[in-house]
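A.B. asks: Dropping in my_file-v6.cif, with mmCIF, C-alpha atoms.
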data_final
#
loop_
_atom_site.label_atom_id
_atom_site.label_comp_id
_atom_site.auth_asym_id
_atom_site.auth_seq_id
_atom_site.Cartn_x
_atom_site.Cartn_y
_atom_site.Cartn_z
CA MET A 1 -15.73 71.50 -38.68
CA LYS A 2 -12.85 73.72 -37.74
CA HIS A 3 -14.70 74.55 -34.54
CA ASN A 4 -15.08 70.81 -33.72
CA MET A 5 -11.36 70.24 -34.28
CA LEU A 6 -10.52 73.11 -31.95
CA MET A 7 -12.91 71.75 -29.32
CA LYS A 8 -11.41 68.26 -29.61
CA GLY A 9 -7.89 69.69 -29.34
CA ALA A 10 -8.81 71.78 -26.29
CA PHE A 11 -10.44 68.75 -24.70
CA ILE A 12 -7.37 66.56 -25.29
CA LEU A 13 -5.08 69.31 -23.95
CA ALA A 14 -7.26 69.76 -20.86
CA LEU A 15 -7.39 65.99 -20.27
CA GLY A 16 -3.62 65.76 -20.62
CA CYS A 17 -3.13 68.56 -18.10
CA CYS A 18 -5.44 66.92 -15.61
CA LEU A 19 -3.70 63.58 -15.88
CA SER A 20 -0.22 65.06 -15.66
CA GLY A 21 -1.06 67.62 -12.99
CA CYS A 22 -0.76 70.60 -15.38
CA GLY A 23 2.82 71.20 -14.37
CA LYS A 24 2.22 71.06 -10.62
CA ASP A 25 4.79 69.26 -8.54
CA ASP A 26 3.97 66.36 -6.17
CA GLU A 27 4.28 68.46 -3.04
CA GLY A 28 1.24 68.27 -0.82
CA LYS A 29 0.03 64.96 -2.20
CA ASP A 30 -0.51 62.08 0.24
CA GLU A 31 2.28 59.55 0.03
CA VAL A 32 1.19 55.91 0.27
CA LYS A 33 3.32 54.29 2.99
CA THR A 34 3.89 50.58 3.20
CA LEU A 35 4.87 48.37 6.09
CA THR A 36 8.63 47.72 6.08
CA SER A 37 9.06 45.82 9.35
CA ILE A 38 7.41 44.85 12.63
CA LYS A 39 9.02 45.96 15.89
CA VAL A 40 8.36 43.62 18.86
CA ASP A 41 8.90 43.97 22.59
CA PRO A 42 10.33 41.81 24.01
CA SER A 43 12.32 40.13 21.26
CA SER A 44 12.49 36.85 23.26
CA LEU A 45 10.68 35.41 26.29
CA SER A 46 11.53 32.99 29.09
CA MET A 47 8.53 31.81 31.04
CA LEU A 48 7.16 29.02 33.24
CA VAL A 49 4.49 26.47 32.44
CA GLY A 50 1.12 28.09 33.15
CA GLU A 51 2.53 31.61 33.08
CA LYS A 52 1.13 34.31 30.78
CA LYS A 53 3.18 37.12 29.25
CA SER A 54 2.46 39.70 26.55
CA ILE A 55 4.32 40.70 23.40
CA THR A 56 3.62 44.07 21.79
CA ALA A 57 3.99 44.60 18.05
CA THR A 58 4.39 47.99 16.37
CA PRO A 59 4.41 48.62 12.62
CA GLU A 60 7.44 50.34 11.05
CA PRO A 61 7.02 53.07 10.02
CA ALA A 62 4.80 53.76 13.04
CA ASP A 63 2.10 55.62 11.09
CA VAL A 64 1.33 52.65 8.81
CA LYS A 65 -1.93 50.89 9.54
CA ALA A 66 -1.31 47.16 9.93
CA THR A 67 -3.24 44.17 11.21
CA PHE A 68 -1.11 41.43 12.76
CA THR A 69 -1.57 37.68 12.72
CA TRP A 70 0.02 35.78 15.61
CA THR A 71 0.98 32.09 15.33
CA SER A 72 2.96 29.63 17.45
CA THR A 73 5.26 27.11 15.79
CA HIS A 74 4.53 24.61 18.60
CA PRO A 75 1.23 25.34 20.40
CA SER A 76 1.90 22.27 22.58
CA ILE A 77 4.74 24.31 24.17
CA ALA A 78 3.28 27.85 24.07
CA THR A 79 0.10 29.33 22.66
CA VAL A 80 -0.48 32.91 21.55
CA SER A 81 -3.68 34.94 21.27
CA GLN A 82 -4.37 37.39 18.45
CA THR A 83 -3.59 40.19 20.93
CA GLY A 84 -0.08 38.86 21.68
CA GLU A 85 -0.71 37.11 25.01
CA VAL A 86 1.59 34.06 25.26
CA THR A 87 0.80 31.14 27.60
CA GLY A 88 3.41 28.55 28.58
CA VAL A 89 1.95 25.06 28.09
CA ALA A 90 4.87 22.61 28.44
CA GLU A 91 8.63 22.68 28.84
CA GLY A 92 10.50 23.38 25.60
CA THR A 93 11.28 26.04 23.01
CA THR A 94 9.17 27.47 20.23
CA THR A 95 8.75 30.64 18.21
CA ILE A 96 5.89 33.09 17.84
CA THR A 97 5.54 34.61 14.35
CA ILE A 98 3.90 38.00 14.01
CA SER A 99 2.96 38.79 10.41
CA SER A 100 1.15 41.36 8.32
CA GLY A 101 0.99 40.56 4.62
CA ALA A 102 4.48 39.60 3.43
CA VAL A 103 6.22 41.18 6.44
CA ASN A 104 6.88 39.11 9.55
CA THR A 105 9.10 38.84 12.59
CA VAL A 106 9.79 36.06 15.07
CA VAL A 107 9.99 35.97 18.89
CA SER A 108 11.84 33.07 20.55
CA ILE A 109 10.02 31.48 23.49
CA GLU A 110 11.57 29.24 26.17
CA VAL A 111 9.16 27.54 28.56
CA SER A 112 10.42 25.90 31.76
CA ASP A 113 8.65 23.55 34.11
CA VAL A 114 7.62 24.77 37.56
CA TYR A 115 9.50 22.95 40.30
CA LEU A 116 8.54 22.33 43.89
CA THR A 117 9.84 24.99 46.27
CA GLY A 118 7.94 24.05 49.42
CA ILE A 119 5.25 21.92 51.02
CA ASP A 120 2.21 23.34 52.75
CA VAL A 121 0.64 21.14 55.45
CA ASP A 122 -2.68 21.88 57.15
CA PHE A 123 -1.25 21.23 60.67
CA THR A 124 1.99 22.21 62.39
CA SER A 125 1.26 20.00 65.41
CA LEU A 126 -1.21 17.32 66.46
CA THR A 127 -2.26 16.05 69.86
CA LEU A 128 -3.67 12.53 69.61
CA PHE A 129 -4.78 9.91 72.08
CA ILE A 130 -3.63 6.32 71.64
CA TYR A 131 -5.22 4.81 68.50
CA ASP A 132 -6.51 8.20 67.33
CA GLU A 133 -6.06 8.96 63.66
CA ALA A 134 -5.59 12.18 61.74
CA GLU A 135 -5.05 12.83 58.05
CA LEU A 136 -2.44 15.33 56.92
CA ASP A 137 -3.22 17.28 53.79
CA ALA A 138 0.12 18.25 52.25
CA LYS A 139 0.10 20.36 49.09
CA PRO A 140 2.99 21.24 46.78
CA VAL A 141 4.11 24.89 46.59
CA PRO A 142 3.55 26.14 43.94
CA ALA A 143 0.41 24.11 43.23
CA ASN A 144 1.39 23.54 39.57
CA ALA A 145 4.82 22.06 40.34
CA VAL A 146 5.65 19.23 37.96
CA ASP A 147 7.63 17.31 40.55
CA GLY A 148 4.97 17.62 43.26
CA ASP A 149 4.93 14.02 44.58
CA ILE A 150 4.91 14.26 48.37
CA PHE A 151 5.91 11.40 50.67
CA TYR A 152 5.54 10.92 54.43
CA ARG A 153 7.77 9.49 57.15
CA THR A 154 7.83 9.31 60.93
CA SER A 155 10.73 9.88 63.30
CA ASN A 156 9.36 7.39 65.85
CA ALA A 157 7.17 4.54 64.53
CA GLU A 158 6.57 3.27 68.11
CA VAL A 159 4.69 6.49 68.97
CA ALA A 160 2.97 7.32 65.63
CA THR A 161 2.91 5.87 62.14
CA VAL A 162 2.01 7.53 58.85
CA ASP A 163 0.93 5.91 55.60
CA ALA A 164 1.55 7.00 51.99
CA ASN A 165 -1.62 9.13 52.03
CA GLY A 166 -0.67 11.10 55.16
CA LYS A 167 -2.89 9.17 57.57
CA VAL A 168 -1.34 9.35 61.07
CA LEU A 169 -2.08 6.71 63.75
CA ALA A 170 -1.04 7.29 67.38
CA LEU A 171 0.24 4.05 68.97
CA LYS A 172 1.48 5.09 72.41
CA ALA A 173 2.27 8.12 74.56
CA GLY A 174 5.30 10.08 73.44
CA THR A 175 6.44 12.43 70.71
CA ALA A 176 7.04 11.80 67.03
CA THR A 177 7.75 14.07 64.11
CA ILE A 178 5.86 13.36 60.91
CA GLU A 179 7.49 14.82 57.82
CA ALA A 180 5.87 15.54 54.50
CA TYR A 181 8.82 15.58 52.09
CA HIS A 182 10.04 15.58 48.55
CA LEU A 183 13.79 15.15 48.02
CA ASN A 184 15.36 17.74 50.36
CA ILE A 185 12.19 19.82 50.81
CA LYS A 186 10.23 18.95 53.95
CA THR A 187 7.66 20.21 56.41
CA ALA A 188 7.40 18.75 59.93
CA VAL A 189 4.33 18.09 62.08
CA GLU A 190 4.89 17.37 65.76
CA VAL A 191 2.64 14.60 67.13
CA THR A 192 2.18 14.17 70.90
#
If you convert what's in this file into structure tokens, what do you get?
C.D. replies:
Amino acid sequence: MKHNMLMKGAFILALGCCLSGCGKDDEGKDEVKTLTSIKVDPSSLSMLVGEKKSITATPEPADVKATFTWTSTHPSIATVSQTGEVTGVAEGTTTITISSGAVNTVVSIEVSDVYLTGIDVDFTSLTLFIYDEAELDAKPVPANAVDGDIFYRTSNAEVATVDANGKVLALKAGTATIEAYHLNIKTAVEVT
């Protein structure tokens, strides 16, 4: 019986030492690190409709393993992939939230429309006989410009006319300049 009591006491002492580390300090033990913040680059974005830009996210501290979830407050203005690629959809402002568990950070996004900077026409000059027709194909530059309505006018309607679709009709011998234009942006085609 005495032997059993000694065995039980030794067992309890050994178990206590194992649980408490038998007087060893905590040096050398792996410390469990937790995510404290998310570092992003850039911290804000300005972009055009149709443009794609990337945001990178890094956990803080850097050696913490973290999986990020990416969401857009207004996907009708800008969308974001789960790899941080942002696409401008429509003019406006929104935010992208990058989160991992209870930790998150926000990136401000400003999306601007793309405006017409030029007009590309398939001809720079035309030589037509009387009553010949030609169709001008004018395209906005850039192609995704929101204000891309192009109009046509002639400098001399007695020599050549042009309709709203860019169809040119030669009426008599002479020279006329046909312009494809939008506000103060224009491209000229010489018709003889």
A.B. asks: Apply the PyMOL selection byres ((chain A and resi 161-174) around 9) to the file shown and report the selected residues as a VMD selection string.
C.D. replies: chain A and resid 128 to 138 150 to 160 175 to 176 178 180 191 to 192
A.B. asks: Write out the residues from the selection above, keeping C-alpha atoms, as a PDB file, in the coordinates of the input.
C.D. replies:
ATOM      1  CA  LEU A 128      -3.670  12.530  69.610  1.00  0.00           C
ATOM      2  CA  PHE A 129      -4.780   9.910  72.080  1.00  0.00           C
ATOM      3  CA  ILE A 130      -3.630   6.320  71.640  1.00  0.00           C
ATOM      4  CA  TYR A 131      -5.220   4.810  68.500  1.00  0.00           C
ATOM      5  CA  ASP A 132      -6.510   8.200  67.330  1.00  0.00           C
ATOM      6  CA  GLU A 133      -6.060   8.960  63.660  1.00  0.00           C
ATOM      7  CA  ALA A 134      -5.590  12.180  61.740  1.00  0.00           C
ATOM      8  CA  GLU A 135      -5.050  12.830  58.050  1.00  0.00           C
ATOM      9  CA  LEU A 136      -2.440  15.330  56.920  1.00  0.00           C
ATOM     10  CA  ASP A 137      -3.220  17.280  53.790  1.00  0.00           C
ATOM     11  CA  ALA A 138       0.120  18.250  52.250  1.00  0.00           C
ATOM     12  CA  ILE A 150       4.910  14.260  48.370  1.00  0.00           C
ATOM     13  CA  PHE A 151       5.910  11.400  50.670  1.00  0.00           C
ATOM     14  CA  TYR A 152       5.540  10.920  54.430  1.00  0.00           C
ATOM     15  CA  ARG A 153       7.770   9.490  57.150  1.00  0.00           C
ATOM     16  CA  THR A 154       7.830   9.310  60.930  1.00  0.00           C
ATOM     17  CA  SER A 155      10.730   9.880  63.300  1.00  0.00           C
ATOM     18  CA  ASN A 156       9.360   7.390  65.850  1.00  0.00           C
ATOM     19  CA  ALA A 157       7.170   4.540  64.530  1.00  0.00           C
ATOM     20  CA  GLU A 158       6.570   3.270  68.110  1.00  0.00           C
ATOM     21  CA  VAL A 159       4.690   6.490  68.970  1.00  0.00           C
ATOM     22  CA  ALA A 160       2.970   7.320  65.630  1.00  0.00           C
ATOM     23  CA  THR A 175       6.440  12.430  70.710  1.00  0.00           C
ATOM     24  CA  ALA A 176       7.040  11.800  67.030  1.00  0.00           C
ATOM     25  CA  ILE A 178       5.860  13.360  60.910  1.00  0.00           C
ATOM     26  CA  ALA A 180       5.870  15.540  54.500  1.00  0.00           C
ATOM     27  CA  VAL A 191       2.640  14.600  67.130  1.00  0.00           C
ATOM     28  CA  THR A 192       2.180  14.170  70.900  1.00  0.00           C
TER      29      THR A 192
END
A.B. asks: Compile the contact shell of range 101-105 of chain A as a list in words: residues with an atom at most 12 Å away, counting only C-alpha atoms, same-chain residues fewer than 4 positions apart removed.
C.D. replies: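 Here the answer would be Thr34, Leu35, Thr36, Ser37, Ile38, Lys39, Val40, Asp41, Pro42, Ser43, Ser44, Ile55, Thr56, Ala57, Thr58, Pro59, Glu60, Lys65, Ala66, Thr67, Phe68, Thr69, Trp70, Thr71, Thr95, Ile96 and Thr97 of chain A.
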A.B. asks: CA of Gln82 in chain A and CA of Ser99 in chain A, how far apart in Å?
C.D. replies: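 Here the two named atoms are 11.0 Å from each other.
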A.B. asks: Around all listed atoms of range 158-170 of chain A, padded 8 Å per side, what centre and edge lengths does the axis-aligned box have in Å to one decimal, as lines of an AutoDock Vina configuration file?
C.D. replies:
center_x = 1.8
center_y = 7.2
center_z = 60.5
size_x = 25.5
size_y = 23.8
size_z = 33.0
A.B. asks: Do a neighbour search on range 84-93 of chain A at 10 Å with all atoms listed in the file, toss out local chain neighbours closer than 4 positions, and write the hits as a PyMOL selection string.
C.D. replies: chain A and resi 45-57+68-80+98+108-114
A.B. asks: In Å to one decimal, how far is CA of Thr187 in chain A from CA of Asp122 in chain A?
C.D. replies: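 Separating CA of Asp122 in chain A from CA of Thr187 in chain A is a distance of 10.5 Å.
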A.B. asks: What is the CA of Phe123 in chain A to CA of Glu190 in chain A distance in Å?
C.D. replies: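 Value for the CA of Phe123 in chain A-CA of Glu190 in chain A distance: 8.9 Å.
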A.B. asks: Excluding same-chain residues fewer than 4 positions from range 116-118 of chain A, what lies within 9 Å of it counting only C-alpha atoms, as an NGL selection string?
C.D. replies: :A and (139-148 or 181-182 or 185-187)
A.B. asks: Determine the nearest neighbour of Val121 in chain A from the options A:Asp63, A:Glu179, A:Thr83, A:Ser100, counting only C-alpha atoms.
C.D. replies: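 The shortest atom-to-atom distance to Val121 in chain A comes from A:Glu179.
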